Every structure is written in C-alpha cells, then in structure tokens.
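Heads up, the thing below is written out as structure tokens.
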Amino acid sequence: MHRLFIVFYLVFFLSSPLISLADEENSTYKTIEWTDLLSNEDFLALMNPPEELNTIEDGSIEDKISSQLFNALSLAGDSRYQQALVSTKVRSDYDQQKVRIAGFVVPITADGLTVTEFFLVPYYGACIHVPPPPPNQLIFSQFPEGIKIDDIYYPYWIEGTLSTTLTENDLATAAYSIKIDNITEYTEE
C-alpha cells in the first residue's frame, strides 16, 4: 500500500528510537518529539491524507520521495491536509520552554565544516532535495560557537530554550527557533 512521505515520517517519529522517553526528573530540559510541535488539528489532518493519494501506484514516478510532497499538494487541493503541509501553527505552550529534541542539521551559515546557523529538521535530507517539512516542523537555530558537522545525515540532540518565532529565508520557513545551550551527537538512552 502506498504511504505518503509525510505520513511515513510522522509514523516514523511516533515509533522511532531517535525519540527517547528519558527520565526527565533530574533534567532541566523536557525531551519532546517532533509531533509535539504540531497543533492537534495539523496532526489529525496529516494523519488523514486525502483518499486520492492512495491511488498512487507503488514504485511509480509519483511514488518517489522527491515528488510526494508536490503530489500531495496538487492532489489535496485547498483541503485541511494541504493547509497542514504548509502550516505555521505553533504550540504556544512550548514558547520559552527549555526543551531537548533530536534532529538533523541543515546548514545555513558555515565556515568550512563548522556550522553556526542551521535548521533543525525531523528527518535527514529535509530542505536539500525535496520541499521542506511544514514550518511547524522546522526549528531555526543559531550557535555562534559553531559545531563541526562531518555528516549531515547524523542526528544530534539539541538542548535550549524554544520559542515560537517565525523565521524565513531562501531555504525554508521555520515556525520555531531555539536558543541553544548544548549540542551533542545523538545517542540512544
């Protein structure tokens, strides 16, 4: 059965080992999942794609990851689903909260391999070869000290203060930003 990419990534992050349910009693950061950043109505819309998307044949050109979001947008029309794919709706209860989230770095500003400004995204490859995730699934991040990124396909834990600040640039629009306190390579807990 055909699976739309956005649904794949939501399901992936609901069951992914990337998201740890760590013991937070001794932590000043609340570990969150990417789906926590979606409004309830966006989450429900993305989990219920239009029936037309199920008519795409597995293995066809329309089934390729690079065209799935485009297909979803064109087939969905002006539906609630299409609106969720470009939503800037945020969860205001996360504004100014200290959070910990795992994700992948998409460099914006770098000096060689040292990245000082980036988008944190829920899955590798986002914003590079395919349309970006919905703005409420992007976190704009600045880290003046810089972090050396040898491989953009490797996840990181980001700890800091999340805010509901809209940031736009040539790559994408992010509905969240984070003031970073710590960046560490991802490890399962």
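We name chains A, B, ... following the order of the structure tokens; residues begin at 1 in each chain, and ligands are numbered from 1 as shown.
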If we count only C-alpha atoms and set the cut-off at 6 Å, which residues sit around segment 181-189 of chain A, ignoring sequence neighbours fewer than 4 positions away in its own chain? Please answer as a PDB file with N, CA and C atoms, in the first residue's frame.
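Result file out-v8.pdb:
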```pdb
ATOM      1  N   PRO A 155      22.227  12.438  13.310  1.00  0.00           N
ATOM      2  CA  PRO A 155      21.381  13.258  14.186  1.00  0.00           C
ATOM      3  C   PRO A 155      22.127  13.804  15.411  1.00  0.00           C
ATOM      4  N   TYR A 156      21.547  14.847  15.982  1.00  0.00           N
ATOM      5  CA  TYR A 156      22.089  15.500  17.173  1.00  0.00           C
ATOM      6  C   TYR A 156      20.971  15.731  18.175  1.00  0.00           C
ATOM      7  N   TRP A 157      21.361  15.796  19.442  1.00  0.00           N
ATOM      8  CA  TRP A 157      20.464  16.267  20.494  1.00  0.00           C
ATOM      9  C   TRP A 157      20.718  17.762  20.643  1.00  0.00           C
ATOM     10  N   ILE A 158      19.658  18.529  20.653  1.00  0.00           N
ATOM     11  CA  ILE A 158      19.742  19.973  20.863  1.00  0.00           C
ATOM     12  C   ILE A 158      18.993  20.283  22.153  1.00  0.00           C
ATOM     13  N   GLU A 159      19.641  21.019  23.048  1.00  0.00           N
ATOM     14  CA  GLU A 159      19.010  21.481  24.284  1.00  0.00           C
ATOM     15  C   GLU A 159      19.047  22.996  24.294  1.00  0.00           C
ATOM     16  N   GLY A 160      17.931  23.587  24.684  1.00  0.00           N
ATOM     17  CA  GLY A 160      17.877  25.038  24.755  1.00  0.00           C
ATOM     18  C   GLY A 160      16.473  25.528  25.001  1.00  0.00           C
TER      19      GLY A 160
END
```
Next on the checklist: I'd like the contact shell of Arg80 of chain A - 8 Å cut-off, only C-alpha atoms, skipping same-chain residues fewer than 4 positions apart - returned as a list of chain:residue names.
Outcome noted: A:Asp42, A:Ala45, A:Ala84
Next on the checklist: At a cut-off of 9 Å, using only C-alpha atoms, what residues contact Leu113 of chain A? Leave out same-chain residues fewer than 5 positions from it and give the result as a PyMOL selection string.
Outcome noted: chain A and resi 147-150
Next, the residues of the selection above should be written as a short mmCIF file (atom, residue, chain, number, x, y, z; two decimals), in the first residue's frame with N, CA and C atoms.
```cif
data_model
loop_
_atom_site.label_atom_id
_atom_site.label_comp_id
_atom_site.auth_asym_id
_atom_site.auth_seq_id
_atom_site.Cartn_x
_atom_site.Cartn_y
_atom_site.Cartn_z
N ILE A 147 29.43 24.37 15.43
CA ILE A 147 29.56 22.93 15.63
C ILE A 147 30.09 22.35 14.34
N LYS A 148 31.08 21.49 14.46
CA LYS A 148 31.65 20.83 13.30
C LYS A 148 30.72 19.70 12.87
N ILE A 149 30.23 19.80 11.65
CA ILE A 149 29.33 18.80 11.10
C ILE A 149 30.07 18.04 10.00
N ASP A 150 30.46 16.82 10.31
CA ASP A 150 31.14 15.98 9.32
C ASP A 150 30.16 15.30 8.39
#
```
Give me, as an mmCIF file with N, CA and C atoms, in the first residue's frame, the residues of segment 12-188 of chain A that a backbone DSSP run labels strand (DSSP E).
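selection-v8.cif, freshly written:
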```
data_model
loop_
_atom_site.group_PDB
_atom_site.id
_atom_site.type_symbol
_atom_site.label_atom_id
_atom_site.label_comp_id
_atom_site.auth_asym_id
_atom_site.auth_seq_id
_atom_site.Cartn_x
_atom_site.Cartn_y
_atom_site.Cartn_z
ATOM 1 N N LYS A 30 12.917 19.414 28.957
ATOM 2 C CA LYS A 30 11.866 18.441 28.683
ATOM 3 C C LYS A 30 12.143 17.843 27.306
ATOM 4 N N THR A 31 12.301 16.526 27.231
ATOM 5 C CA THR A 31 12.511 15.862 25.949
ATOM 6 C C THR A 31 11.188 15.834 25.199
ATOM 7 N N GLN A 97 10.091 27.532 26.592
ATOM 8 C CA GLN A 97 10.310 26.335 27.398
ATOM 9 C C GLN A 97 11.690 25.747 27.114
ATOM 10 N N LYS A 98 12.303 25.197 28.146
ATOM 11 C CA LYS A 98 13.589 24.511 27.983
ATOM 12 C C LYS A 98 13.288 23.092 27.490
ATOM 13 N N VAL A 99 13.775 22.790 26.276
ATOM 14 C CA VAL A 99 13.470 21.511 25.653
ATOM 15 C C VAL A 99 14.738 20.816 25.181
ATOM 16 N N ARG A 100 14.568 19.535 24.934
ATOM 17 C CA ARG A 100 15.611 18.692 24.349
ATOM 18 C C ARG A 100 14.936 17.941 23.215
ATOM 19 N N ILE A 101 15.528 18.024 22.009
ATOM 20 C CA ILE A 101 14.930 17.381 20.845
ATOM 21 C C ILE A 101 16.039 16.830 19.954
ATOM 22 N N ALA A 102 15.779 15.671 19.365
ATOM 23 C CA ALA A 102 16.728 15.063 18.435
ATOM 24 C C ALA A 102 16.328 15.436 17.017
ATOM 25 N N GLY A 103 17.329 15.739 16.205
ATOM 26 C CA GLY A 103 17.042 16.079 14.820
ATOM 27 C C GLY A 103 18.304 16.143 13.987
ATOM 28 N N PHE A 104 18.124 16.555 12.743
ATOM 29 C CA PHE A 104 19.207 16.629 11.781
ATOM 30 C C PHE A 104 19.481 18.087 11.424
ATOM 31 N N VAL A 105 20.738 18.400 11.170
ATOM 32 C CA VAL A 105 21.177 19.764 10.896
ATOM 33 C C VAL A 105 21.173 20.021 9.392
ATOM 34 N N VAL A 106 20.515 21.103 8.982
ATOM 35 C CA VAL A 106 20.594 21.596 7.607
ATOM 36 C C VAL A 106 21.294 22.954 7.688
ATOM 37 N N PRO A 107 22.582 22.997 7.295
ATOM 38 C CA PRO A 107 23.368 24.224 7.450
ATOM 39 C C PRO A 107 22.800 25.397 6.648
ATOM 40 N N ILE A 108 22.841 26.570 7.263
ATOM 41 C CA ILE A 108 22.510 27.824 6.585
ATOM 42 C C ILE A 108 23.785 28.649 6.446
ATOM 43 N N THR A 109 24.493 28.830 7.571
ATOM 44 C CA THR A 109 25.748 29.577 7.594
ATOM 45 C C THR A 109 26.838 28.682 8.152
ATOM 46 N N ALA A 110 27.940 28.580 7.386
ATOM 47 C CA ALA A 110 29.029 27.712 7.818
ATOM 48 C C ALA A 110 30.364 28.276 7.348
ATOM 49 N N ASP A 111 31.401 27.941 8.099
ATOM 50 C CA ASP A 111 32.772 28.231 7.715
ATOM 51 C C ASP A 111 33.455 26.878 7.586
ATOM 52 N N THR A 114 32.292 23.927 9.980
ATOM 53 C CA THR A 114 31.763 24.481 11.220
ATOM 54 C C THR A 114 30.507 25.301 10.929
ATOM 55 N N VAL A 115 29.394 24.831 11.448
ATOM 56 C CA VAL A 115 28.089 25.434 11.191
ATOM 57 C C VAL A 115 27.702 26.323 12.370
ATOM 58 N N THR A 116 27.271 27.556 12.076
ATOM 59 C CA THR A 116 26.859 28.480 13.130
ATOM 60 C C THR A 116 25.367 28.825 13.067
ATOM 61 N N GLU A 117 24.739 28.543 11.936
ATOM 62 C CA GLU A 117 23.317 28.835 11.765
ATOM 63 C C GLU A 117 22.727 27.704 10.935
ATOM 64 N N PHE A 118 21.604 27.135 11.415
ATOM 65 C CA PHE A 118 21.036 25.988 10.715
ATOM 66 C C PHE A 118 19.567 25.806 11.053
ATOM 67 N N PHE A 119 18.921 24.972 10.240
ATOM 68 C CA PHE A 119 17.595 24.481 10.563
ATOM 69 C C PHE A 119 17.768 23.108 11.187
ATOM 70 N N LEU A 120 17.061 22.850 12.255
ATOM 71 C CA LEU A 120 16.968 21.509 12.810
ATOM 72 C C LEU A 120 15.702 20.912 12.214
ATOM 73 N N VAL A 121 15.830 19.712 11.642
ATOM 74 C CA VAL A 121 14.715 19.085 10.938
ATOM 75 C C VAL A 121 14.488 17.670 11.479
ATOM 76 N N ILE A 139 12.993 24.010 13.047
ATOM 77 C CA ILE A 139 13.459 24.862 14.143
ATOM 78 C C ILE A 139 14.696 25.608 13.666
ATOM 79 N N PHE A 140 14.603 26.938 13.612
ATOM 80 C CA PHE A 140 15.750 27.766 13.253
ATOM 81 C C PHE A 140 16.688 27.827 14.456
ATOM 82 N N SER A 141 17.983 27.634 14.198
ATOM 83 C CA SER A 141 18.957 27.539 15.284
ATOM 84 C C SER A 141 20.199 28.349 14.962
ATOM 85 N N GLN A 142 20.687 29.073 15.950
ATOM 86 C CA GLN A 142 21.965 29.783 15.840
ATOM 87 C C GLN A 142 22.866 29.294 16.960
ATOM 88 N N PHE A 143 24.134 29.041 16.610
ATOM 89 C CA PHE A 143 25.106 28.563 17.581
ATOM 90 C C PHE A 143 26.426 29.258 17.268
ATOM 91 N N PRO A 144 26.623 30.493 17.807
ATOM 92 C CA PRO A 144 27.803 31.287 17.460
ATOM 93 C C PRO A 144 29.136 30.572 17.657
ATOM 94 N N GLU A 145 29.213 29.669 18.648
ATOM 95 C CA GLU A 145 30.452 28.924 18.859
ATOM 96 C C GLU A 145 30.723 27.976 17.698
ATOM 97 N N GLY A 146 29.673 27.591 17.006
ATOM 98 C CA GLY A 146 29.782 26.680 15.873
ATOM 99 C C GLY A 146 29.910 25.233 16.287
ATOM 100 N N ILE A 147 29.425 24.373 15.433
ATOM 101 C CA ILE A 147 29.561 22.933 15.634
ATOM 102 C C ILE A 147 30.089 22.346 14.337
ATOM 103 N N LYS A 148 31.080 21.486 14.465
ATOM 104 C CA LYS A 148 31.649 20.833 13.297
ATOM 105 C C LYS A 148 30.719 19.699 12.874
ATOM 106 N N TYR A 156 21.547 14.847 15.982
ATOM 107 C CA TYR A 156 22.089 15.500 17.173
ATOM 108 C C TYR A 156 20.971 15.731 18.175
ATOM 109 N N TRP A 157 21.361 15.796 19.442
ATOM 110 C CA TRP A 157 20.464 16.267 20.494
ATOM 111 C C TRP A 157 20.718 17.762 20.643
ATOM 112 N N ILE A 158 19.658 18.529 20.653
ATOM 113 C CA ILE A 158 19.742 19.973 20.863
ATOM 114 C C ILE A 158 18.993 20.283 22.153
ATOM 115 N N GLU A 159 19.641 21.019 23.048
ATOM 116 C CA GLU A 159 19.010 21.481 24.284
ATOM 117 C C GLU A 159 19.047 22.996 24.294
ATOM 118 N N GLY A 160 17.931 23.587 24.684
ATOM 119 C CA GLY A 160 17.877 25.038 24.755
ATOM 120 C C GLY A 160 16.473 25.528 25.001
ATOM 121 N N THR A 161 16.297 26.827 24.812
ATOM 122 C CA THR A 161 15.004 27.464 25.037
ATOM 123 C C THR A 161 14.291 27.650 23.702
ATOM 124 N N LEU A 162 13.167 26.978 23.566
ATOM 125 C CA LEU A 162 12.381 27.015 22.343
ATOM 126 C C LEU A 162 11.513 28.266 22.334
ATOM 127 N N SER A 163 11.367 28.879 21.172
ATOM 128 C CA SER A 163 10.431 29.998 21.057
ATOM 129 C C SER A 163 9.609 29.851 19.782
ATOM 130 N N THR A 167 10.769 32.390 11.272
ATOM 131 C CA THR A 167 11.996 32.781 10.581
ATOM 132 C C THR A 167 11.896 32.306 9.139
ATOM 133 N N GLU A 168 12.144 33.233 8.199
ATOM 134 C CA GLU A 168 12.085 32.883 6.786
ATOM 135 C C GLU A 168 13.423 33.178 6.124
ATOM 136 N N THR A 173 10.916 28.178 5.712
ATOM 137 C CA THR A 173 10.332 28.978 6.776
ATOM 138 C C THR A 173 10.196 28.083 7.999
ATOM 139 N N ALA A 174 10.667 28.588 9.136
ATOM 140 C CA ALA A 174 10.567 27.843 10.395
ATOM 141 C C ALA A 174 9.615 28.578 11.332
ATOM 142 N N TYR A 176 9.423 27.767 14.534
ATOM 143 C CA TYR A 176 10.064 27.736 15.848
ATOM 144 C C TYR A 176 11.527 28.148 15.708
ATOM 145 N N SER A 177 12.092 28.624 16.799
ATOM 146 C CA SER A 177 13.537 28.837 16.883
ATOM 147 C C SER A 177 13.973 28.380 18.272
ATOM 148 N N ILE A 178 15.282 28.199 18.414
ATOM 149 C CA ILE A 178 15.795 27.739 19.697
ATOM 150 C C ILE A 178 17.079 28.472 20.032
ATOM 151 N N LYS A 179 17.166 28.906 21.279
ATOM 152 C CA LYS A 179 18.409 29.458 21.810
ATOM 153 C C LYS A 179 19.145 28.265 22.401
ATOM 154 N N ILE A 180 20.218 27.858 21.732
ATOM 155 C CA ILE A 180 20.902 26.609 22.063
ATOM 156 C C ILE A 180 21.800 26.761 23.285
ATOM 157 N N ASP A 181 21.669 25.809 24.196
ATOM 158 C CA ASP A 181 22.574 25.692 25.333
ATOM 159 C C ASP A 181 23.609 24.599 25.090
ATOM 160 N N ASN A 182 23.146 23.478 24.507
ATOM 161 C CA ASN A 182 24.023 22.325 24.296
ATOM 162 C C ASN A 182 23.670 21.618 22.999
ATOM 163 N N ILE A 183 24.695 21.130 22.320
ATOM 164 C CA ILE A 183 24.533 20.257 21.156
ATOM 165 C C ILE A 183 25.423 19.053 21.390
ATOM 166 N N THR A 184 24.828 17.885 21.279
ATOM 167 C CA THR A 184 25.616 16.661 21.418
ATOM 168 C C THR A 184 25.214 15.685 20.319
ATOM 169 N N GLU A 185 26.149 14.818 19.973
ATOM 170 C CA GLU A 185 25.813 13.783 18.993
ATOM 171 C C GLU A 185 24.728 12.900 19.586
#
```
Item to check | Selection: 7 Å around Gln137 of chain A, only C-alpha atoms, excl. self and same-chain fewer than 6 positions, as a list in words | outcome: Trp34, Leu37, Val121 and Pro122 of chain A
Checklist entry - Neighbours of Thr164 of chain A within 9 Å (only C-alpha atoms; same-chain residues fewer than 4 positions away dropped), as a ChimeraX atom specification? => result /A:90-92,94-96,175-178
